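**Student:** What follows is the file model02.pdb, containing PDB, C-alpha atoms and all ligand atoms:
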MODEL        1
ATOM      1  CA  MET A 137     -45.538 -26.474 -34.919
ATOM      2  CA  PHE A 138     -47.150 -27.082 -31.524
ATOM      3  CA  SER A 139     -43.879 -28.393 -30.115
ATOM      4  CA  VAL A 140     -42.025 -25.223 -31.254
ATOM      5  CA  ILE A 141     -44.605 -22.957 -29.538
ATOM      6  CA  PHE A 142     -44.443 -25.130 -26.409
ATOM      7  CA  ALA A 143     -40.642 -24.940 -26.346
ATOM      8  CA  LEU A 144     -40.724 -21.127 -26.762
ATOM      9  CA  ALA A 145     -43.313 -20.828 -23.992
ATOM     10  CA  MET A 146     -41.105 -22.892 -21.673
ATOM     11  CA  MET A 147     -38.128 -20.621 -22.398
ATOM     12  CA  GLN A 148     -40.180 -17.516 -21.523
ATOM     13  CA  GLN A 149     -41.054 -18.804 -18.062
ATOM     14  CA  SER A 150     -39.051 -17.271 -15.254
ATOM     15  CA  PRO A 151     -37.189 -19.811 -13.126
ATOM     16  CA  PRO A 152     -39.017 -20.883  -9.974
ATOM     17  CA  ASP A 153     -38.160 -18.881  -6.847
ATOM     18  CA  SER A 154     -35.286 -20.647  -5.205
ATOM     19  CA  ALA A 155     -35.642 -21.289  -1.478
ATOM     20  CA  GLU A 156     -31.898 -20.522  -1.014
ATOM     21  CA  PRO A 157     -30.618 -17.082  -2.081
ATOM     22  CA  VAL A 158     -27.604 -17.349  -4.383
ATOM     23  CA  ASP A 159     -24.294 -16.775  -2.593
ATOM     24  CA  TRP A 160     -22.659 -14.617  -5.261
ATOM     25  CA  ASP A 161     -19.383 -14.272  -3.327
ATOM     26  CA  LYS A 162     -19.080 -18.058  -3.441
ATOM     27  CA  GLU A 163     -20.121 -18.231  -7.087
ATOM     28  CA  PHE A 164     -17.437 -15.702  -8.037
ATOM     29  CA  GLY A 165     -14.822 -17.108  -5.640
ATOM     30  CA  VAL A 166     -14.698 -13.904  -3.537
ATOM     31  CA  GLU A 167     -13.069 -14.656  -0.191
ATOM     32  CA  GLU A 168     -13.082 -12.291   2.755
ATOM     33  CA  GLN A 169      -9.513 -11.869   3.981
ATOM     34  CA  ALA A 170      -9.367 -12.276   7.755
ATOM     35  CA  ARG A 171      -7.252  -9.800   9.707
ATOM     36  CA  ASP A 172      -4.875 -11.033  12.383
ATOM     37  CA  PRO A 173      -6.678 -10.317  15.696
ATOM     38  CA  GLN A 174      -3.431  -9.130  17.307
ATOM     39  CA  THR A 175      -1.957  -6.870  14.623
ATOM     40  CA  GLY A 176      -5.073  -6.021  12.596
ATOM     41  CA  GLU A 177      -3.087  -6.877   9.447
ATOM     42  CA  ILE A 178      -4.081  -9.168   6.586
ATOM     43  CA  PRO A 179      -1.446 -11.921   6.400
ATOM     44  CA  VAL A 180       0.641 -11.915   3.200
ATOM     45  CA  ALA A 181       2.278 -14.812   1.361
ATOM     46  CA  GLU A 182       5.741 -15.717   2.648
ATOM     47  CA  TYR A 183       8.672 -13.843   1.095
ATOM     48  CA  PRO A 184      12.416 -13.687   1.785
ATOM     49  CA  GLN A 185      13.099 -11.029   4.413
ATOM     50  CA  SER A 186      16.193  -8.893   4.079
ATOM     51  CA  HIS A 187      17.307  -5.331   4.710
ATOM     52  CA  ASP A 188      18.038  -5.205   0.975
ATOM     53  CA  ASN A 189      14.233  -5.105   0.523
ATOM     54  CA  ALA A 190      14.301  -1.523   1.901
ATOM     55  CA  GLY A 191      15.687  -0.391  -1.469
ATOM     56  CA  ALA A 192      18.684   1.596  -0.168
ATOM     57  CA  ALA A 193      21.330   1.615   2.540
ATOM     58  CA  PRO A 194      20.773   3.610   5.753
ATOM     59  CA  MET A 195      22.124   7.152   5.911
ATOM     60  CA  ASP A 196      25.584   7.551   7.302
ATOM     61  CA  ASP A 197      24.477  10.263   9.748
ATOM     62  CA  ALA A 198      23.523   9.421  13.319
ATOM     63  CA  ALA A 199      21.935  12.875  13.796
ATOM     64  CA  ILE A 200      19.433  12.827  10.923
ATOM     65  CA  ALA A 201      16.673  10.855  12.716
ATOM     66  CA  ALA A 202      16.362  13.549  15.397
ATOM     67  CA  HIS A 203      15.098  15.991  12.723
ATOM     68  CA  PHE A 204      12.172  13.611  12.181
ATOM     69  CA  GLY A 205      11.364  13.321  15.895
ATOM     70  CA  GLY A 206      13.183  10.003  16.349
ATOM     71  CA  ARG A 207      11.432   6.663  15.908
ATOM     72  CA  GLU A 208       8.055   7.897  17.152
ATOM     73  CA  GLY A 209       8.140  10.958  14.891
ATOM     74  CA  ILE A 210       9.077   8.755  11.921
ATOM     75  CA  ARG A 211       6.196   6.386  12.722
ATOM     76  CA  MET A 212       3.750   9.314  12.813
ATOM     77  CA  ILE A 213       5.075  10.779   9.550
ATOM     78  CA  ALA A 214       4.711   7.421   7.763
ATOM     79  CA  ALA A 215       1.176   6.925   9.133
ATOM     80  CA  ARG A 216       0.187  10.481   8.179
ATOM     81  CA  THR A 217       1.526   9.975   4.639
ATOM     82  CA  VAL A 218      -0.656   6.881   4.252
ATOM     83  CA  GLU A 219      -3.653   8.654   5.818
ATOM     84  CA  LEU A 220      -3.309  11.640   3.451
ATOM     85  CA  SER A 221      -2.982   9.262   0.496
ATOM     86  CA  GLU A 222      -6.050   7.225   1.503
ATOM     87  CA  ASN A 223      -8.013  10.476   1.455
ATOM     88  CA  ASP A 224      -6.420  11.936  -1.668
ATOM     89  CA  PRO A 225      -8.881  11.641  -4.588
ATOM     90  CA  ARG A 226      -5.919  11.370  -7.014
ATOM     91  CA  ILE A 227      -4.647   8.097  -5.539
ATOM     92  CA  ALA A 228      -7.195   6.907  -2.924
ATOM     93  CA  ALA A 229      -8.432   4.100  -5.187
ATOM     94  CA  ILE A 230      -4.994   2.452  -5.126
ATOM     95  CA  PHE A 231      -4.864   2.479  -1.325
ATOM     96  CA  ILE A 232      -8.461   1.366  -0.697
ATOM     97  CA  ALA A 233      -7.676  -1.968  -2.350
ATOM     98  CA  HIS A 234      -4.748  -2.690   0.002
ATOM     99  CA  ASP A 235      -3.956  -3.312   3.653
ATOM    100  CA  THR A 236      -3.001   0.117   4.964
ATOM    101  CA  VAL A 237      -2.621  -1.206   8.523
ATOM    102  CA  ARG A 238       0.363  -3.239   7.342
ATOM    103  CA  LEU A 239       1.553  -0.410   5.069
ATOM    104  CA  LYS A 240       1.717   2.072   7.967
ATOM    105  CA  ARG A 241       3.933  -0.367   9.891
ATOM    106  CA  THR A 242       6.230  -1.378   7.029
ATOM    107  CA  LEU A 243       6.576   2.165   5.628
ATOM    108  CA  ALA A 244       7.557   3.402   9.112
ATOM    109  CA  GLU A 245      10.100   0.567   9.347
ATOM    110  CA  GLN A 246      11.538   1.495   5.948
ATOM    111  CA  PHE A 247      11.856   5.212   6.777
ATOM    112  CA  CYS A 248      13.291   4.367  10.218
ATOM    113  CA  TYR A 249      15.831   1.972   8.668
ATOM    114  CA  LEU A 250      16.878   4.473   5.975
ATOM    115  CA  LEU A 251      17.150   7.294   8.518
ATOM    116  CA  ALA A 252      19.490   5.125  10.611
ATOM    117  CA  ALA A 253      17.128   5.261  13.575
ATOM    118  CA  GLY A 254      17.766   1.603  14.432
ATOM    119  CA  CYS A 255      14.798  -0.301  12.959
ATOM    120  CA  ASP A 256      14.687  -3.510  10.958
ATOM    121  CA  TYR A 257      12.776  -3.399   7.681
ATOM    122  CA  THR A 258      10.628  -6.526   7.471
ATOM    123  CA  GLY A 259       8.527  -5.739   4.364
ATOM    124  CA  ARG A 260       8.776  -6.872   0.760
ATOM    125  CA  ASP A 261      11.105  -5.333  -1.802
ATOM    126  CA  MET A 262       9.754  -2.366  -3.777
ATOM    127  CA  ALA A 263       9.172  -4.263  -7.023
ATOM    128  CA  ALA A 264       7.242  -7.052  -5.276
ATOM    129  CA  ALA A 265       5.246  -4.650  -3.083
ATOM    130  CA  HIS A 266       4.045  -2.598  -6.063
ATOM    131  CA  ALA A 267       3.744  -5.305  -8.709
ATOM    132  CA  ALA A 268       0.554  -5.127 -10.766
ATOM    133  CA  MET A 269      -0.530  -1.941  -8.943
ATOM    134  CA  GLY A 270      -0.291   0.134 -12.106
ATOM    135  CA  VAL A 271       1.402   3.126 -10.423
ATOM    136  CA  ARG A 272       2.046   6.051 -12.817
ATOM    137  CA  MET A 273       4.434   9.004 -12.493
ATOM    138  CA  ALA A 274       1.469  11.237 -11.565
ATOM    139  CA  ASP A 275       0.603   8.869  -8.667
ATOM    140  CA  MET A 276       4.204   9.012  -7.495
ATOM    141  CA  ASN A 277       4.127  12.819  -7.515
ATOM    142  CA  ALA A 278       0.910  12.786  -5.471
ATOM    143  CA  LEU A 279       2.438  10.432  -2.884
ATOM    144  CA  VAL A 280       5.582  12.556  -2.626
ATOM    145  CA  GLU A 281       3.436  15.673  -2.062
ATOM    146  CA  ASN A 282       1.639  13.856   0.758
ATOM    147  CA  LEU A 283       4.950  12.804   2.323
ATOM    148  CA  GLN A 284       6.184  16.404   2.062
ATOM    149  CA  GLN A 285       3.007  17.631   3.775
ATOM    150  CA  ALA A 286       3.419  15.039   6.556
ATOM    151  CA  MET A 287       7.051  16.100   7.085
ATOM    152  CA  ARG A 288       6.075  19.806   7.117
ATOM    153  CA  GLU A 289       3.362  19.111   9.709
ATOM    154  CA  HIS A 290       6.068  17.498  11.870
ATOM    155  CA  ASP A 291       8.430  20.458  11.423
ATOM    156  CA  VAL A 292      11.116  18.446   9.644
ATOM    157  CA  PRO A 293      13.666  20.975   8.318
ATOM    158  CA  PHE A 294      13.624  21.362   4.526
ATOM    159  CA  ALA A 295      17.179  20.034   4.070
ATOM    160  CA  ALA A 296      16.374  16.892   6.085
ATOM    161  CA  GLN A 297      13.168  16.373   4.062
ATOM    162  CA  ASN A 298      15.199  16.460   0.876
ATOM    163  CA  ARG A 299      17.681  13.914   2.183
ATOM    164  CA  LEU A 300      14.906  11.359   2.741
ATOM    165  CA  LEU A 301      13.357  12.161  -0.645
ATOM    166  CA  ALA A 302      16.754  11.686  -2.314
ATOM    167  CA  LYS A 303      16.950   8.175  -0.791
ATOM    168  CA  LEU A 304      13.473   7.292  -2.061
ATOM    169  CA  ALA A 305      13.651   8.844  -5.535
ATOM    170  CA  PRO A 306      15.657   6.049  -7.260
ATOM    171  CA  MET A 307      13.085   3.507  -5.977
ATOM    172  CA  SER A 308      10.485   4.961  -8.335
ATOM    173  CA  ARG A 309      12.065   2.731 -11.018
ATOM    174  CA  ASP A 310      10.663  -0.304  -9.188
ATOM    175  CA  VAL A 311       7.353   1.306  -8.253
ATOM    176  CA  ILE A 312       6.171   2.920 -11.494
ATOM    177  CA  THR A 313       4.927   0.251 -13.876
ATOM    178  CA  ARG A 314       3.078   2.257 -16.540
TER
HETATM  179  C1  LIG H 401       9.585   5.654  -3.826
HETATM  180  C2  LIG H 401       8.300   5.615  -3.552
HETATM  181  C3  LIG H 401       7.667   4.538  -2.680
HETATM  182  C4  LIG H 401       8.174   3.878  -1.603
HETATM  183  C5  LIG H 401       9.526   4.032  -0.970
HETATM  184  C6  LIG H 401       7.142   2.958  -1.144
HETATM  185  C7  LIG H 401       7.262   2.110  -0.064
HETATM  186  C8  LIG H 401       6.391   1.074   0.218
HETATM  187  C9  LIG H 401       6.572   0.072   1.229
HETATM  188  C10 LIG H 401       7.729   0.023   2.194
HETATM  189  C11 LIG H 401       5.536  -0.773   1.170
HETATM  190  C12 LIG H 401       5.242  -1.961   2.095
HETATM  191  C13 LIG H 401       5.665  -3.312   1.536
HETATM  192  C14 LIG H 401       5.188  -4.433   2.427
HETATM  193  O1  LIG H 401       4.353  -4.219   3.295
HETATM  194  O2  LIG H 401       5.664  -5.566   2.248
HETATM  195  C15 LIG H 401       4.663  -0.288   0.125
HETATM  196  C16 LIG H 401       3.464  -0.849  -0.230
HETATM  197  C17 LIG H 401       2.483  -0.154  -0.889
HETATM  198  N1  LIG H 401       2.651   0.999  -1.609
HETATM  199 FE1  LIG H 401       4.343   1.994  -1.820
HETATM  200  N2  LIG H 401       6.036   3.104  -1.936
HETATM  201  C18 LIG H 401       6.305   4.059  -2.880
HETATM  202  C19 LIG H 401       5.450   4.516  -3.855
HETATM  203  C20 LIG H 401       4.103   4.226  -3.883
HETATM  204  C21 LIG H 401       3.124   4.897  -4.701
HETATM  205  C22 LIG H 401       3.439   6.028  -5.683
HETATM  206  C23 LIG H 401       1.913   4.342  -4.399
HETATM  207  C24 LIG H 401       0.564   4.699  -4.931
HETATM  208  C25 LIG H 401       0.204   5.910  -5.288
HETATM  209  C26 LIG H 401       2.134   3.303  -3.424
HETATM  210  C27 LIG H 401       1.172   2.503  -2.879
HETATM  211  C28 LIG H 401       1.436   1.398  -2.085
HETATM  212  C29 LIG H 401       0.407   0.470  -1.626
HETATM  213  C30 LIG H 401      -1.086   0.570  -1.904
HETATM  214  C31 LIG H 401       1.076  -0.518  -0.875
HETATM  215  C32 LIG H 401       0.461  -1.722  -0.168
HETATM  216  C33 LIG H 401       0.741  -2.985  -0.955
HETATM  217  C34 LIG H 401       0.127  -4.230  -0.329
HETATM  218  O3  LIG H 401       0.162  -4.394   0.881
HETATM  219  O4  LIG H 401      -0.375  -5.064  -1.083
HETATM  220  N3  LIG H 401       3.473   3.269  -3.117
HETATM  221  N4  LIG H 401       5.212   0.836  -0.431
ENDMDL
END
Give the structure from the file, written as structure tokens.
Ligand code: HEM
**Tutor:**
Amino acid sequence: MFSVIFALAMMQQSPPDSAEPVDWDKEFGVEEQARDPQTGEIPVAEYPQSHDNAGAAPMDDAAIAAHFGGREGIRMIAARTVELSENDPRIAAIFIAHDTVRLKRTLAEQFCYLLAAGCDYTGRDMAAAHAAMGVRMADMNALVENLQQAMREHDVPFAAQNRLLAKLAPMSRDVITR
């Protein structure tokens, strides 16, 4: 009987204060991802690079890029789309968990490539880039609205806007996973 009470009393005691605080990040295997000091991007695992990763062929129209303000205009439109999405309560949570520094660069490259403005696309293919992200149709609609707003802010004519959207639309098959 005494030994049972003693054992229960021992179990009730709080553990002694440890001199070292517990490093919970280490315990749970959480690693801080270091950004490249030059680019500010978080390095990604190696993947095969190809223009095919852009998801479509460039437009056969040398004049289209001018409607987007050339390469610099395209870069600003891509960055603005990401910025609007990061601050859009409908989809912000998806973007917060990812490297939007890299995304601004690779999205600009993709748009620039598709608009035949003379860029190489160096990012991943659409299925790989969005794998396990859980993007739904509603998220896609929100992103498209943000892209439309970015294009409007940069005075891209409506017909030119629709030509870029028409290039991107079939890619939703590889982006939407639920
Ligand atoms: C047709 C529609 C879409 C296109 C063309 C597109 C394009 C891209 C491109 C080019 C990348 C970069 C890949 C890389 O850096 O290797 C990317 C990544 C990403 N996209 Fe999309 N995207 C689309 C839809 C969406 C939607 C609907 C969301 C969420 C609402 C989304 C969220 C993201 C995020 C968070 C990343 C970063 C992934 C990472 O670096 O881990 N995208 N997308």
**Student:** With distances taken over all atoms listed in the file, which of A:Met276, A:Ala181, A:Ile232, A:Ala198 is nearest to Leu304 (chain A)?
**Tutor:**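 Smallest separation from Leu304 (chain A) among the options: A:Met276.
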**Student:** Return the single residue from A:Val292, A:Ala302, A:Val166, A:Ala252 that is closest to ligand LIG 401 (chain H), with distances computed using all atoms listed in the file.
**Tutor:**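 Comparing A:Val292, A:Ala302, A:Val166, A:Ala252 against ligand LIG 401 (chain H), the winner is A:Ala302.
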**Student:** Looking at all atoms listed in the file, which of A:Lys162, A:His203, A:Arg226, A:Arg299 is the one that sits closest to ligand LIG 401 (chain H)?
**Tutor:**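 That would be A:Arg226, the residue with the smallest distance to ligand LIG 401 (chain H).
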**Student:** Which neighbours of Arg260 (chain A) fall inside 9 Å, counting all atoms listed in the file, when residues of the same chain fewer than 2 positions from it are skipped, and could you give them as a PyMOL selection string?
**Tutor:** chain A and resi 183-186+189-190+242+257-258+262-265
**Student:** With distances taken over all atoms listed in the file, which of A:Pro194, A:Pro179, A:Pro293, A:Gly209 is nearest to ligand LIG 401 (chain H)?
**Tutor:**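 Result for the nearest residue to ligand LIG 401 (chain H): A:Pro179.
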**Student:** Can you sort out region 226-251 of chain A so it carries N, CA and C atoms, written as a PDB file, in the coordinates of the input?
**Tutor:**
ATOM      1  N   ARG A 226      -6.790  11.740  -5.885  1.00  0.00           N
ATOM      2  CA  ARG A 226      -5.919  11.370  -7.014  1.00  0.00           C
ATOM      3  C   ARG A 226      -5.448   9.917  -6.915  1.00  0.00           C
ATOM      4  N   ILE A 227      -5.251   9.435  -5.681  1.00  0.00           N
ATOM      5  CA  ILE A 227      -4.647   8.097  -5.539  1.00  0.00           C
ATOM      6  C   ILE A 227      -5.377   7.198  -4.533  1.00  0.00           C
ATOM      7  N   ALA A 228      -6.484   7.688  -3.959  1.00  0.00           N
ATOM      8  CA  ALA A 228      -7.195   6.907  -2.924  1.00  0.00           C
ATOM      9  C   ALA A 228      -7.559   5.509  -3.407  1.00  0.00           C
ATOM     10  N   ALA A 229      -7.965   5.395  -4.676  1.00  0.00           N
ATOM     11  CA  ALA A 229      -8.432   4.100  -5.187  1.00  0.00           C
ATOM     12  C   ALA A 229      -7.353   3.032  -5.082  1.00  0.00           C
ATOM     13  N   ILE A 230      -6.087   3.433  -5.214  1.00  0.00           N
ATOM     14  CA  ILE A 230      -4.994   2.452  -5.126  1.00  0.00           C
ATOM     15  C   ILE A 230      -4.878   1.946  -3.687  1.00  0.00           C
ATOM     16  N   PHE A 231      -5.065   2.857  -2.728  1.00  0.00           N
ATOM     17  CA  PHE A 231      -4.864   2.479  -1.325  1.00  0.00           C
ATOM     18  C   PHE A 231      -6.037   1.696  -0.758  1.00  0.00           C
ATOM     19  N   ILE A 232      -7.260   2.042  -1.211  1.00  0.00           N
ATOM     20  CA  ILE A 232      -8.461   1.366  -0.697  1.00  0.00           C
ATOM     21  C   ILE A 232      -8.365  -0.146  -0.905  1.00  0.00           C
ATOM     22  N   ALA A 233      -7.741  -0.540  -2.006  1.00  0.00           N
ATOM     23  CA  ALA A 233      -7.676  -1.968  -2.350  1.00  0.00           C
ATOM     24  C   ALA A 233      -6.577  -2.712  -1.593  1.00  0.00           C
ATOM     25  N   HIS A 234      -5.865  -2.039  -0.678  1.00  0.00           N
ATOM     26  CA  HIS A 234      -4.748  -2.690   0.002  1.00  0.00           C
ATOM     27  C   HIS A 234      -4.818  -2.536   1.512  1.00  0.00           C
ATOM     28  N   ASP A 235      -3.964  -3.291   2.184  1.00  0.00           N
ATOM     29  CA  ASP A 235      -3.956  -3.312   3.653  1.00  0.00           C
ATOM     30  C   ASP A 235      -3.107  -2.151   4.182  1.00  0.00           C
ATOM     31  N   THR A 236      -3.767  -1.059   4.526  1.00  0.00           N
ATOM     32  CA  THR A 236      -3.001   0.117   4.964  1.00  0.00           C
ATOM     33  C   THR A 236      -2.563   0.003   6.424  1.00  0.00           C
ATOM     34  N   VAL A 237      -3.116  -0.971   7.147  1.00  0.00           N
ATOM     35  CA  VAL A 237      -2.621  -1.206   8.523  1.00  0.00           C
ATOM     36  C   VAL A 237      -1.175  -1.707   8.426  1.00  0.00           C
ATOM     37  N   ARG A 238      -1.000  -2.719   7.563  1.00  0.00           N
ATOM     38  CA  ARG A 238       0.363  -3.239   7.342  1.00  0.00           C
ATOM     39  C   ARG A 238       1.261  -2.158   6.738  1.00  0.00           C
ATOM     40  N   LEU A 239       0.737  -1.414   5.761  1.00  0.00           N
ATOM     41  CA  LEU A 239       1.553  -0.410   5.069  1.00  0.00           C
ATOM     42  C   LEU A 239       2.090   0.641   6.045  1.00  0.00           C
ATOM     43  N   LYS A 240       1.241   1.065   6.998  1.00  0.00           N
ATOM     44  CA  LYS A 240       1.717   2.072   7.967  1.00  0.00           C
ATOM     45  C   LYS A 240       2.912   1.520   8.758  1.00  0.00           C
ATOM     46  N   ARG A 241       2.822   0.231   9.122  1.00  0.00           N
ATOM     47  CA  ARG A 241       3.933  -0.367   9.891  1.00  0.00           C
ATOM     48  C   ARG A 241       5.184  -0.487   9.023  1.00  0.00           C
ATOM     49  N   THR A 242       5.032  -1.091   7.826  1.00  0.00           N
ATOM     50  CA  THR A 242       6.230  -1.378   7.029  1.00  0.00           C
ATOM     51  C   THR A 242       6.856  -0.092   6.463  1.00  0.00           C
ATOM     52  N   LEU A 243       6.015   0.902   6.130  1.00  0.00           N
ATOM     53  CA  LEU A 243       6.576   2.165   5.628  1.00  0.00           C
ATOM     54  C   LEU A 243       7.370   2.859   6.741  1.00  0.00           C
ATOM     55  N   ALA A 244       6.831   2.820   7.973  1.00  0.00           N
ATOM     56  CA  ALA A 244       7.557   3.402   9.112  1.00  0.00           C
ATOM     57  C   ALA A 244       8.882   2.669   9.315  1.00  0.00           C
ATOM     58  N   GLU A 245       8.858   1.342   9.204  1.00  0.00           N
ATOM     59  CA  GLU A 245      10.100   0.567   9.347  1.00  0.00           C
ATOM     60  C   GLU A 245      11.114   0.974   8.283  1.00  0.00           C
ATOM     61  N   GLN A 246      10.626   1.141   7.050  1.00  0.00           N
ATOM     62  CA  GLN A 246      11.538   1.495   5.948  1.00  0.00           C
ATOM     63  C   GLN A 246      12.168   2.866   6.197  1.00  0.00           C
ATOM     64  N   PHE A 247      11.319   3.866   6.533  1.00  0.00           N
ATOM     65  CA  PHE A 247      11.856   5.212   6.777  1.00  0.00           C
ATOM     66  C   PHE A 247      12.845   5.170   7.949  1.00  0.00           C
ATOM     67  N   CYS A 248      12.461   4.454   9.009  1.00  0.00           N
ATOM     68  CA  CYS A 248      13.291   4.367  10.218  1.00  0.00           C
ATOM     69  C   CYS A 248      14.634   3.713   9.894  1.00  0.00           C
ATOM     70  N   TYR A 249      14.591   2.665   9.080  1.00  0.00           N
ATOM     71  CA  TYR A 249      15.831   1.972   8.668  1.00  0.00           C
ATOM     72  C   TYR A 249      16.711   2.927   7.857  1.00  0.00           C
ATOM     73  N   LEU A 250      16.100   3.594   6.862  1.00  0.00           N
ATOM     74  CA  LEU A 250      16.878   4.473   5.975  1.00  0.00           C
ATOM     75  C   LEU A 250      17.446   5.677   6.720  1.00  0.00           C
ATOM     76  N   LEU A 251      16.698   6.129   7.754  1.00  0.00           N
ATOM     77  CA  LEU A 251      17.150   7.294   8.518  1.00  0.00           C
ATOM     78  C   LEU A 251      18.081   6.885   9.667  1.00  0.00           C
TER      79      LEU A 251
END
